[in-house]
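The data block below is final08.txt; it holds compact mmCIF, C-alpha atoms.
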# COMPACT_ATOMS: atom_id res chain seq x y z
CA MET S 1 98.97 67.18 113.56
CA THR S 2 97.28 69.33 110.93
CA THR S 3 95.54 71.45 113.56
CA ARG S 4 98.89 72.03 115.26
CA LEU S 5 100.37 73.20 111.94
CA VAL S 6 97.42 75.53 111.37
CA PHE S 7 97.82 76.90 114.89
CA ILE S 8 101.53 77.50 114.36
CA PHE S 9 100.81 79.22 111.07
CA LEU S 10 98.07 81.49 112.46
CA SER S 11 100.06 82.22 115.58
CA ALA S 12 103.07 83.33 113.52
CA ILE S 13 100.96 85.61 111.33
CA LEU S 14 98.59 87.20 113.84
CA VAL S 15 99.20 86.43 117.51
CA ASN S 16 102.98 86.52 117.58
CA ASN S 17 103.41 88.81 114.60
CA PHE S 18 107.13 89.35 114.23
CA VAL S 19 106.93 93.10 113.84
CA LEU S 20 103.93 94.07 115.92
CA SER S 21 104.13 91.62 118.83
CA ARG S 22 107.73 90.46 118.99
CA PHE S 23 109.15 93.80 117.81
CA LEU S 24 111.67 92.19 115.48
CA GLY S 25 112.58 93.70 112.12
CA ILE S 26 111.53 97.21 113.10
CA CYS S 27 114.17 98.78 110.85
CA PRO S 28 112.67 97.75 107.50
CA PHE S 29 109.20 98.21 109.01
CA LEU S 30 109.88 101.95 109.30
CA GLY S 31 112.45 102.28 106.53
CA VAL S 32 110.77 100.49 103.64
CA SER S 33 107.14 101.38 104.36
CA LYS S 34 106.88 104.69 102.52
CA LYS S 35 105.54 103.10 99.33
CA VAL S 36 103.36 100.03 98.86
CA ASP S 37 105.45 98.84 95.89
CA THR S 38 108.69 98.62 97.82
CA ALA S 39 106.88 97.16 100.83
CA VAL S 40 105.57 94.32 98.69
CA GLY S 41 109.05 93.69 97.24
CA MET S 42 110.62 93.64 100.68
CA SER S 43 107.91 91.30 102.02
CA ILE S 44 108.49 88.79 99.25
CA ALA S 45 112.25 88.90 99.78
CA VAL S 46 111.85 88.40 103.54
CA LEU S 47 109.37 85.55 103.10
CA PHE S 48 111.75 83.77 100.73
CA VAL S 49 114.85 84.23 102.87
CA MET S 50 112.97 83.28 106.06
CA ILE S 51 111.88 79.91 104.67
CA MET S 52 115.30 79.14 103.16
CA ALA S 53 117.18 80.20 106.30
CA SER S 54 114.85 78.25 108.60
CA ILE S 55 115.37 75.01 106.73
CA ILE S 56 119.14 75.32 106.63
CA THR S 57 119.52 76.47 110.23
CA TRP S 58 117.26 73.63 111.38
CA LEU S 59 119.57 71.12 109.73
CA LEU S 60 122.64 72.87 111.11
CA ASN S 61 121.18 72.81 114.59
CA ILE S 62 121.13 69.01 114.55
CA LEU S 63 124.83 69.07 113.74
CA LEU S 64 125.53 71.58 116.51
CA VAL S 65 123.61 69.58 119.10
CA SER S 66 125.29 66.32 118.13
CA LEU S 67 128.69 67.99 118.46
CA GLY S 68 127.66 69.39 121.85
CA LEU S 69 128.11 73.00 120.74
CA PRO S 70 124.64 74.55 121.11
CA PHE S 71 126.20 77.78 122.39
CA LEU S 72 127.48 78.46 118.88
CA THR S 73 123.98 78.66 117.38
CA THR S 74 123.82 82.46 117.16
CA ILE S 75 127.16 82.99 115.44
CA VAL S 76 126.77 80.00 113.13
CA PHE S 77 123.25 81.09 112.15
CA ILE S 78 124.44 84.59 111.34
CA LEU S 79 127.19 83.18 109.14
CA ILE S 80 124.80 80.86 107.33
CA ILE S 81 122.10 83.49 106.84
CA ALA S 82 124.63 85.96 105.45
CA THR S 83 126.01 83.36 103.07
CA LEU S 84 122.53 82.33 102.01
CA VAL S 85 121.39 85.88 101.28
CA GLN S 86 124.55 86.57 99.28
CA PHE S 87 123.99 83.38 97.32
CA VAL S 88 120.36 84.25 96.63
CA GLU S 89 121.48 87.66 95.42
CA ILE S 90 124.08 86.22 93.06
CA VAL S 91 121.62 83.70 91.62
CA LEU S 92 118.85 86.28 91.25
CA LYS S 93 121.17 88.65 89.43
CA LYS S 94 121.89 85.95 86.88
CA THR S 95 118.49 84.33 86.53
CA SER S 96 115.99 87.11 87.09
CA PRO S 97 117.44 90.61 86.56
CA SER S 98 113.99 92.21 86.79
CA LEU S 99 113.31 90.78 90.25
CA TYR S 100 116.89 91.66 91.24
CA GLU S 101 116.31 95.28 90.21
CA ALA S 102 112.95 95.37 91.99
CA LEU S 103 114.35 94.10 95.28
CA GLY S 104 117.40 96.32 94.92
CA ILE S 105 119.07 97.19 98.20
CA PHE S 106 116.54 95.26 100.33
CA LEU S 107 118.03 91.88 99.59
CA PRO S 108 121.48 92.63 101.07
CA LEU S 109 119.76 94.50 103.91
CA ILE S 110 117.93 91.32 104.95
CA THR S 111 121.32 89.82 105.85
CA THR S 112 121.39 91.96 108.96
CA ASN S 113 117.67 91.76 109.68
CA CYS S 114 117.05 90.55 113.21
CA ALA S 115 113.69 89.03 112.24
CA ILE S 116 115.44 86.32 110.22
CA LEU S 117 117.91 85.45 112.96
CA GLY S 118 115.15 85.69 115.57
CA LEU S 119 113.02 83.24 113.64
CA ALA S 120 115.88 80.76 113.29
CA LEU S 121 116.65 80.95 117.01
CA LEU S 122 112.96 80.69 118.02
CA ASN S 123 112.50 77.60 115.86
CA VAL S 124 115.36 75.96 117.69
CA GLN S 125 114.10 77.02 121.12
CA GLN S 126 110.62 75.63 120.44
CA ASN S 127 112.05 72.27 119.29
CA TYR S 128 109.97 72.37 116.13
CA SER S 129 110.13 69.53 113.61
CA LEU S 130 111.25 70.36 110.07
CA LEU S 131 107.68 70.66 108.79
CA GLU S 132 106.66 72.84 111.71
CA THR S 133 109.73 74.98 111.12
CA ILE S 134 108.77 75.55 107.48
CA VAL S 135 105.17 76.39 108.41
CA ASN S 136 106.33 78.73 111.14
CA ALA S 137 108.74 80.45 108.76
CA ALA S 138 106.05 80.90 106.11
CA GLY S 139 103.70 82.33 108.74
CA ALA S 140 106.36 84.65 110.09
CA GLY S 141 107.21 85.89 106.59
CA LEU S 142 103.55 86.45 105.73
CA GLY S 143 102.99 88.17 109.06
CA PHE S 144 105.92 90.45 108.39
CA GLY S 145 104.49 91.19 104.94
CA LEU S 146 101.02 91.79 106.37
CA ALA S 147 102.30 94.31 108.92
CA LEU S 148 104.58 96.03 106.42
CA ILE S 149 101.97 96.34 103.67
CA LEU S 150 99.23 97.47 106.10
CA PHE S 151 101.58 100.08 107.51
CA SER S 152 102.71 101.31 104.09
CA THR S 153 99.14 101.76 102.87
CA ILE S 154 98.34 103.81 105.97
CA ARG S 155 101.46 105.90 105.44
CA GLU S 156 100.60 106.51 101.80
CA ARG S 157 97.20 107.81 102.83
CA MET S 158 98.68 109.96 105.57
CA ASP S 159 101.06 111.55 103.08
CA ILE S 160 98.19 113.10 101.18
CA SER S 161 96.05 114.01 104.18
CA ASP S 162 96.32 117.18 106.20
CA VAL S 163 98.52 116.32 109.19
CA PRO S 164 99.39 119.03 111.76
CA GLU S 165 102.92 120.36 111.25
CA PRO S 166 104.56 118.82 114.37
CA PHE S 167 103.23 115.35 113.54
CA LYS S 168 104.36 115.26 109.91
CA GLY S 169 106.54 112.39 108.69
CA THR S 170 108.20 110.14 111.22
CA ALA S 171 106.22 111.38 114.24
CA SER S 172 102.87 110.27 112.87
CA ALA S 173 104.46 107.11 111.46
CA LEU S 174 105.65 106.10 114.93
CA ILE S 175 102.23 106.81 116.46
CA THR S 176 100.60 104.76 113.70
CA ALA S 177 103.00 101.89 114.35
CA GLY S 178 102.06 101.98 118.03
CA LEU S 179 98.34 101.95 117.26
CA LEU S 180 98.80 99.12 114.79
CA SER S 181 100.70 97.13 117.39
CA MET S 182 97.91 97.73 119.92
CA ALA S 183 95.35 96.56 117.36
CA PHE S 184 97.28 93.32 116.92
CA MET S 185 97.16 92.81 120.69
CA GLY S 186 93.50 91.96 120.07
CA PHE S 187 94.62 88.63 118.61
CA GLN S 188 96.16 87.66 121.94
CA GLY S 189 94.61 84.41 123.17
CA LEU S 190 93.18 83.52 119.75
CA VAL S 191 95.42 80.47 119.49
CA LYS S 192 96.75 78.40 122.35
CA LEU S 193 99.68 76.13 121.63
CA MET M 1 137.80 69.32 123.40
CA THR M 2 134.89 71.75 123.12
CA ILE M 3 137.27 74.51 122.10
CA VAL M 4 138.89 72.35 119.42
CA TYR M 5 135.51 71.35 118.05
CA SER M 6 134.16 74.90 117.97
CA VAL M 7 137.29 76.23 116.30
CA LEU M 8 137.23 73.43 113.76
CA LEU M 9 133.52 73.85 113.08
CA MET M 10 133.74 77.61 112.64
CA ALA M 11 136.83 77.27 110.43
CA ILE M 12 135.16 74.67 108.23
CA LEU M 13 131.92 76.62 108.00
CA GLY M 14 133.71 79.90 107.31
CA ILE M 15 136.02 78.49 104.65
CA GLY M 16 133.17 76.46 103.20
CA ALA M 17 130.90 79.49 102.95
CA GLY M 18 133.72 81.53 101.39
CA VAL M 19 134.58 78.90 98.81
CA PHE M 20 130.91 78.31 98.07
CA LEU M 21 130.25 82.01 97.49
CA ALA M 22 133.39 82.43 95.39
CA TYR M 23 132.34 79.48 93.27
CA ALA M 24 128.77 80.76 92.98
CA SER M 25 129.86 84.24 91.94
CA ALA M 26 132.10 82.76 89.25
CA LYS M 27 129.46 80.29 88.11
CA PHE M 28 126.66 82.85 88.02
CA ALA M 29 128.84 85.75 86.87
CA VAL M 30 126.87 88.35 84.93
CA LYS M 31 128.74 89.96 82.05
CA GLU M 32 128.41 93.68 82.43
CA ASP M 33 128.60 96.27 79.72
CA PRO M 34 132.32 97.04 79.31
CA ARG M 35 131.40 100.64 78.60
CA THR M 36 129.92 100.98 82.10
CA LYS M 37 133.07 99.46 83.56
CA LEU M 38 135.32 101.86 81.66
CA ILE M 39 133.18 104.80 82.72
CA GLU M 40 133.44 103.63 86.30
CA ALA M 41 137.22 103.38 85.92
CA ALA M 42 137.35 106.97 84.73
CA LEU M 43 135.49 108.25 87.81
CA PRO M 44 137.33 109.23 91.00
CA GLY M 45 135.74 106.32 92.86
CA VAL M 46 135.20 108.24 96.08
CA ASN M 47 131.45 107.44 96.20
CA CYS M 48 130.72 110.95 97.51
CA GLY M 49 127.17 111.02 96.18
CA ALA M 50 127.43 114.65 95.05
CA CYS M 51 126.12 113.63 91.60
CA GLY M 52 122.86 112.53 93.22
CA TYR M 53 123.45 108.83 92.60
CA PRO M 54 124.31 106.32 95.33
CA GLY M 55 128.00 105.83 94.53
CA CYS M 56 130.18 105.90 91.45
CA PRO M 57 128.89 102.61 89.92
CA ALA M 58 125.33 103.97 89.87
CA PHE M 59 126.52 107.18 88.24
CA ALA M 60 128.51 105.15 85.68
CA LYS M 61 125.35 103.22 84.80
CA ALA M 62 123.43 106.45 84.32
CA VAL M 63 126.19 107.85 82.10
CA ALA M 64 126.19 104.68 79.99
CA ALA M 65 122.43 104.95 79.64
CA GLY M 66 122.84 108.56 78.63
CA SER M 67 120.44 109.77 81.27
CA VAL M 68 122.81 112.20 82.97
CA SER M 69 125.10 115.04 81.92
CA LEU M 70 128.76 114.07 81.60
CA ASP M 71 129.91 116.81 83.98
CA GLY M 72 127.66 115.56 86.78
CA CYS M 73 130.65 114.31 88.75
CA LEU M 74 131.65 117.26 90.94
CA PRO M 75 134.93 115.95 92.41
CA GLY M 76 136.05 114.79 88.96
CA LYS M 77 135.20 118.04 87.26
CA ARG M 78 138.56 119.65 87.76
CA SER M 79 140.61 116.55 87.00
CA GLY M 80 139.36 116.10 83.48
CA VAL M 81 136.73 113.44 84.19
CA PRO M 82 134.06 114.91 81.88
CA GLU M 83 136.57 114.90 78.99
CA LYS M 84 137.52 111.29 79.72
CA LEU M 85 133.87 110.29 79.93
CA LYS M 86 133.23 111.97 76.60
CA ILE M 87 135.96 109.86 74.96
CA VAL M 88 134.56 106.64 76.47
CA VAL M 89 130.96 107.42 75.57
CA GLU M 90 131.81 108.41 72.01
CA ALA M 91 134.23 105.55 71.43
CA ASP M 92 133.49 102.98 68.75
CA PRO M 93 131.84 99.99 70.54
CA GLU M 94 133.94 97.39 68.74
CA LYS M 95 137.17 99.21 69.49
CA LEU M 96 136.13 99.55 73.10
CA ILE M 97 135.38 95.85 73.46
CA SER M 98 138.65 94.85 71.76
CA PHE M 99 140.60 97.10 74.16
CA PHE M 100 138.70 95.57 77.05
CA GLU M 101 139.50 92.02 75.97
CA GLU M 102 143.13 92.81 75.10
CA SER M 103 143.80 94.06 78.61
CA GLY M 104 142.37 90.93 80.19
CA GLU M 105 139.04 92.55 81.16
CA ASP M 106 140.91 95.03 83.35
CA ALA M 107 138.83 98.19 83.03
CA GLN M 108 141.59 100.48 84.27
CA LYS M 109 144.11 99.27 81.70
CA ALA M 110 141.52 99.29 78.93
CA LEU M 111 140.62 102.86 79.80
CA GLU M 112 144.26 103.94 79.62
CA LYS M 113 144.64 102.31 76.21
CA LEU M 114 141.45 103.90 74.96
CA LEU M 115 142.47 107.35 76.16
CA GLU M 116 145.90 106.96 74.59
CA ALA M 117 144.36 105.92 71.28
CA ALA M 118 142.10 108.97 71.40
CA GLY M 119 145.09 111.20 72.05
CA ALA M 120 143.76 112.13 75.46
CA LYS M 121 147.28 112.83 76.71
CA ALA M 122 146.67 116.28 75.29
CA ILE M 123 144.09 117.00 77.96
CA PRO M 124 146.00 118.83 80.65
CA ALA M 125 144.82 118.48 84.19
CA PRO M 126 143.65 121.93 85.29
CA ALA M 127 146.07 123.73 87.56
CA ARG M 128 145.27 123.72 91.24
CA PRO M 129 143.60 126.94 92.31
CA THR M 130 145.72 129.30 94.35
CA ARG M 131 144.10 130.77 97.38
CA PRO M 132 144.39 134.57 97.39
CA SER M 133 146.25 136.22 100.25
CA GLN M 134 144.34 138.20 102.87
CA GLU M 135 145.84 141.47 101.54
CA GLU M 136 144.54 140.81 98.02
CA ILE M 137 141.10 139.95 99.39
CA ASP M 138 140.99 143.14 101.43
CA THR M 139 142.10 145.42 98.58
CA PHE M 140 139.34 144.10 96.32
CA LYS M 141 136.81 144.29 99.14
CA ALA M 142 137.66 147.98 99.54
CA LYS M 143 137.06 148.53 95.82
CA LEU M 144 133.54 147.09 96.19
CA LYS M 145 132.44 150.27 98.00
CA ASP M 146 132.64 152.23 94.73
CA ASN M 147 130.70 149.69 92.68
CA ASN M 148 127.11 149.18 93.77
CA ARG M 149 126.23 146.30 91.46
CA ALA M 150 129.41 144.41 92.35
CA MET M 151 128.53 144.83 96.02
CA VAL M 152 125.13 143.20 95.46
CA ILE M 153 126.68 140.39 93.40
CA TYR M 154 129.23 139.87 96.15
CA SER M 155 126.37 139.17 98.58
CA VAL M 156 125.21 136.11 96.62
CA LEU M 157 128.67 134.58 96.19
CA PRO M 158 129.73 131.86 98.66
CA ASN M 159 132.39 134.22 100.11
CA ILE M 160 134.88 131.46 100.86
CA ASN M 161 137.65 132.97 98.67
CA CYS M 162 138.61 129.58 97.27
CA GLY M 163 140.18 131.00 94.12
CA ILE M 164 138.75 128.28 91.86
CA CYS M 165 137.21 130.89 89.54
CA GLY M 166 140.68 132.29 88.86
CA ALA M 167 140.01 135.62 90.53
CA PRO M 168 141.81 136.52 93.77
CA GLY M 169 138.86 136.19 96.12
CA CYS M 170 135.09 136.55 95.88
CA ALA M 171 135.19 140.36 95.90
CA ALA M 172 137.50 140.42 92.87
CA PHE M 173 135.22 137.94 91.12
CA ALA M 174 132.19 140.10 91.88
CA LEU M 175 133.97 143.12 90.33
CA LYS M 176 134.76 141.09 87.22
CA LEU M 177 131.18 139.86 87.00
CA SER M 178 129.71 143.35 87.36
CA ALA M 179 131.87 144.44 84.39
CA LYS M 180 130.65 141.29 82.56
CA GLU M 181 134.26 140.22 82.09
CA ASP M 182 133.63 136.74 83.45
CA SER M 183 130.91 134.10 83.69
CA ALA M 184 129.30 133.24 87.03
CA ASP M 185 129.44 129.57 86.00
CA LYS M 186 133.10 129.62 87.01
CA CYS M 187 132.07 129.70 90.66
CA ILE M 188 132.17 125.95 91.32
CA PRO M 189 131.22 126.03 95.03
CA GLY M 190 128.24 128.25 94.17
CA LYS M 191 127.00 125.88 91.51
CA ARG M 192 124.80 123.93 93.85
CA GLN M 193 123.31 127.12 95.28
CA ASN M 194 122.34 128.39 91.80
CA THR M 195 124.71 131.33 92.09
CA SER M 196 124.79 131.98 88.36
CA GLN M 197 120.99 132.34 88.21
CA LYS M 198 121.08 134.70 91.17
CA VAL M 199 123.75 136.82 89.46
CA GLU M 200 121.69 136.91 86.28
CA LYS M 201 118.73 138.10 88.31
CA ILE M 202 120.81 140.92 89.75
CA PHE M 203 121.59 142.14 86.24
CA THR M 204 117.86 142.57 85.65
CA ILE M 205 117.62 145.04 88.56
CA SER M 206 117.90 148.66 87.48
CA GLU M 207 120.69 150.93 88.76
CA PRO M 208 118.45 153.12 90.99
CA ASP M 209 116.88 150.02 92.55
CA ILE M 210 120.33 148.66 93.36
CA GLU M 211 121.22 151.90 95.07
CA LYS M 212 117.95 151.77 96.97
CA ILE M 213 118.69 148.27 98.20
CA LEU M 214 122.15 149.29 99.35
CA ASN M 215 120.88 152.39 101.13
CA GLU M 216 118.09 150.55 102.91
CA THR M 217 120.33 147.71 104.08
CA ALA M 218 123.28 150.00 104.95
CA GLY M 219 125.59 147.68 103.00
CA ASP M 220 125.04 144.70 105.30
CA ILE M 221 125.74 141.52 103.25
CA ALA M 222 123.18 139.31 105.01
CA GLU M 223 120.51 142.00 104.71
CA ILE M 224 121.16 142.47 100.98
CA LYS M 225 120.82 138.73 100.49
CA LYS M 226 117.47 138.74 102.29
CA ARG M 227 116.23 141.62 100.17
CA LEU M 228 117.19 139.80 96.97
CA GLU M 229 115.31 136.68 97.94
CA VAL M 230 112.02 138.54 98.23
Could you spell out this file's structure in structure tokens?
Amino acid sequence: MTTRLVFIFLSAILVNNFVLSRFLGICPFLGVSKKVDTAVGMSIAVLFVMIMASIITWLLNILLVSLGLPFLTTIVFILIIATLVQFVEIVLKKTSPSLYEALGIFLPLITTNCAILGLALLNVQQNYSLLETIVNAAGAGLGFGLALILFSTIRERMDISDVPEPFKGTASALITAGLLSMAFMGFQGLVKL
Amino acid sequence: MTIVYSVLLMAILGIGAGVFLAYASAKFAVKEDPRTKLIEAALPGVNCGACGYPGCPAFAKAVAAGSVSLDGCLPGKRSGVPEKLKIVVEADPEKLISFFEESGEDAQKALEKLLEAAGAKAIPAPARPTRPSQEEIDTFKAKLKDNNRAMVIYSVLPNINCGICGAPGCAAFALKLSAKEDSADKCIPGKRQNTSQKVEKIFTISEPDIEKILNETAGDIAEIKKRLEV
């Protein structure tokens, strides 16, 4: 049982990294990776929303299956995730203005992040139990953070180094993302579920 | 049956989520500075971003914090927004809050009351600029030939003949500027291209140098511009 949880956790972080192996959540990966500070903020927000959304969608899925409406999962999950993110934003604004300011625009942006929806749908597909779902969500969120923070540190270094004119900015960022993804391929086969 | 269930489920979920969020936003409502709200009410609300802030609310926040000039709102500049902002910013805080509460926390109404109390009715909205006719533009363009400095100034103006400066066309404005009868700040479209600094720079060029520039470029506007940038 415990080993299975550890495997799920490791697999979500390294082997099936959401950004670098599953290619989900590419938009914030490129958009929010210019500075390490914002990357950390975004990672924390994603981790939090991923765990919350996974738990609620897991419960909802039971309802959907018992009603015989599994084809509604996608649209119901989107609705629930959007509501959840809005709720988190409202509460944060009231309870922790400093965190709210730090996360800024990223929090509402997560609403439309495919990584969150992808995670919720994958959890359902794999028939995970509630505990496994939570572990998987934590792993996915940490994996997203790992990729984002790694990438942002590389980009910060590249900004100050002497890059040939045609490769400046997005061009070198895309190449870096490709190399990073290839590096993560090395984890393939590390964990077998 | 499936259809009925799905419709019912989606309806319940949708209404539930809506009610839940409405309740949450009321329960966790954050009281904002009424000054910021009044400032926001005074802005055009077009969220053009020309001030450099993402939308009017962000600009309003910056104005309330005093970190931006009151005339930073470009679309509002000609409809008296800076004057309105000045009244709001300089208003007595207690008066402002009492106006805000009197009008049921409606920022628009509170703003109107505040402006009325400050006698803001006296601020006339600036007249709409009249675009000069083609004939007027051409006559002033012809006059440029006799005035070297005005010709060089003309090259740095936007040359869109909008008439906002009050002169009939850019050529007429350049003539006025060369005689120092007007300020280059009046060129609103040129503001973001630092036209007034460029005009000032032209005044530092000596008369023979101006003639030299004109002779070498054969009076070609684009060429003169290039020469000035060097």
Taking all atoms listed in the file into account, what are the residues of chain S at most 12 Å from chain M, put as a PyMOL selection string?
chain S and resi 60+63-97+105
Env of stretch 140-146 of chain S: 7 Å cut, atoms = only C-alpha atoms, seq-sep filter 5 positions within chain, self excluded. Answer as a VMD selection string.
chain S and resid 12 to 14 17 to 19 43 46 to 47 50
Among the residues S:Asn113, S:Ser11, S:Asn61, S:Thr176, the one that comes closest to S:Ile26 [using all atoms listed in the file]
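Closest residue, counting all atoms listed in the file: S:Asn113.
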Mind pulling up the distance from atom CA of M:Gly52 to atom CA of M:Ser67?
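Atom CA of M:Ser67 sits 12.5 Å away from atom CA of M:Gly52.
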Selection: 7 Å around stretch 207-221 of chain M, all atoms listed in the file, excl. self and same-chain fewer than 6 positions, as a list in words:
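So the residues in contact are Asn148, Arg149 and Ser155 of chain M.
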Residue contacts of S:Ile55 (8 Å, all atoms listed in the file) excluding same-chain residues fewer than 3 positions away, as JSON, numbers by chain:
{"S": [51, 52, 58, 59, 130, 133, 134]}
Dump C-alpha atoms for the selected residues as a PDB file, in the frame of the given file?
ATOM      1  CA  ILE S  51     111.880  79.910 104.670  1.00  0.00           C
ATOM      2  CA  MET S  52     115.300  79.140 103.160  1.00  0.00           C
ATOM      3  CA  TRP S  58     117.260  73.630 111.380  1.00  0.00           C
ATOM      4  CA  LEU S  59     119.570  71.120 109.730  1.00  0.00           C
ATOM      5  CA  LEU S 130     111.250  70.360 110.070  1.00  0.00           C
ATOM      6  CA  THR S 133     109.730  74.980 111.120  1.00  0.00           C
ATOM      7  CA  ILE S 134     108.770  75.550 107.480  1.00  0.00           C
TER       8      ILE S 134
END
Hey, which of M:Gly80, M:Pro158, M:Pro34, M:Pro54 ends up closest to M:Leu111? Count all atoms listed in the file.
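Looking at the shortest contact to M:Leu111, the residue is M:Pro34.
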Only N, CA, C and O atoms needed: put stretch 169-183 of chain S from the block into a file as an mmCIF file, in the first residue's frame.
data_model
loop_
_atom_site.group_PDB
_atom_site.id
_atom_site.type_symbol
_atom_site.label_atom_id
_atom_site.label_comp_id
_atom_site.auth_asym_id
_atom_site.auth_seq_id
_atom_site.Cartn_x
_atom_site.Cartn_y
_atom_site.Cartn_z
ATOM 1 N N GLY S 169 15.624 35.419 -26.337
ATOM 2 C CA GLY S 169 14.237 35.394 -25.875
ATOM 3 C C GLY S 169 13.569 34.043 -26.072
ATOM 4 O O GLY S 169 14.095 33.011 -25.667
ATOM 5 N N THR S 170 12.406 34.095 -26.753
ATOM 6 C CA THR S 170 11.565 32.907 -26.826
ATOM 7 C C THR S 170 12.252 31.743 -27.538
ATOM 8 O O THR S 170 12.066 30.588 -27.155
ATOM 9 N N ALA S 171 13.064 32.044 -28.573
ATOM 10 C CA ALA S 171 13.693 30.963 -29.332
ATOM 11 C C ALA S 171 14.525 30.074 -28.425
ATOM 12 O O ALA S 171 14.343 28.847 -28.382
ATOM 13 N N SER S 172 15.406 30.676 -27.647
ATOM 14 C CA SER S 172 16.252 29.868 -26.772
ATOM 15 C C SER S 172 15.423 29.237 -25.660
ATOM 16 O O SER S 172 15.738 28.141 -25.199
ATOM 17 N N ALA S 173 14.345 29.934 -25.238
ATOM 18 C CA ALA S 173 13.493 29.357 -24.197
ATOM 19 C C ALA S 173 12.850 28.063 -24.690
ATOM 20 O O ALA S 173 12.797 27.070 -23.961
ATOM 21 N N LEU S 174 12.388 28.075 -25.942
ATOM 22 C CA LEU S 174 11.742 26.874 -26.488
ATOM 23 C C LEU S 174 12.748 25.736 -26.615
ATOM 24 O O LEU S 174 12.442 24.579 -26.303
ATOM 25 N N ILE S 175 13.970 26.055 -27.066
ATOM 26 C CA ILE S 175 15.005 25.017 -27.180
ATOM 27 C C ILE S 175 15.309 24.436 -25.807
ATOM 28 O O ILE S 175 15.406 23.218 -25.625
ATOM 29 N N THR S 176 15.428 25.338 -24.818
ATOM 30 C CA THR S 176 15.693 24.885 -23.451
ATOM 31 C C THR S 176 14.582 23.958 -22.963
ATOM 32 O O THR S 176 14.857 22.917 -22.350
ATOM 33 N N ALA S 177 13.341 24.338 -23.236
ATOM 34 C CA ALA S 177 12.211 23.514 -22.801
ATOM 35 C C ALA S 177 12.310 22.132 -23.421
ATOM 36 O O ALA S 177 12.103 21.116 -22.750
ATOM 37 N N GLY S 178 12.692 22.074 -24.700
ATOM 38 C CA GLY S 178 12.848 20.790 -25.370
ATOM 39 C C GLY S 178 13.933 19.946 -24.726
ATOM 40 O O GLY S 178 13.745 18.744 -24.471
ATOM 41 N N LEU S 179 15.079 20.581 -24.435
ATOM 42 C CA LEU S 179 16.187 19.852 -23.810
ATOM 43 C C LEU S 179 15.792 19.340 -22.427
ATOM 44 O O LEU S 179 16.108 18.205 -22.053
ATOM 45 N N LEU S 180 15.079 20.199 -21.698
ATOM 46 C CA LEU S 180 14.647 19.825 -20.355
ATOM 47 C C LEU S 180 13.713 18.613 -20.421
ATOM 48 O O LEU S 180 13.826 17.668 -19.634
ATOM 49 N N SER S 181 12.812 18.656 -21.397
ATOM 50 C CA SER S 181 11.879 17.546 -21.578
ATOM 51 C C SER S 181 12.635 16.263 -21.909
ATOM 52 O O SER S 181 12.338 15.179 -21.394
ATOM 53 N N MET S 182 13.658 16.388 -22.777
ATOM 54 C CA MET S 182 14.468 15.205 -23.128
ATOM 55 C C MET S 182 15.193 14.661 -21.905
ATOM 56 O O MET S 182 15.308 13.443 -21.714
ATOM 57 N N ALA S 183 15.679 15.585 -21.046
ATOM 58 C CA ALA S 183 16.373 15.154 -19.836
ATOM 59 C C ALA S 183 15.431 14.348 -18.944
ATOM 60 O O ALA S 183 15.826 13.337 -18.363
#
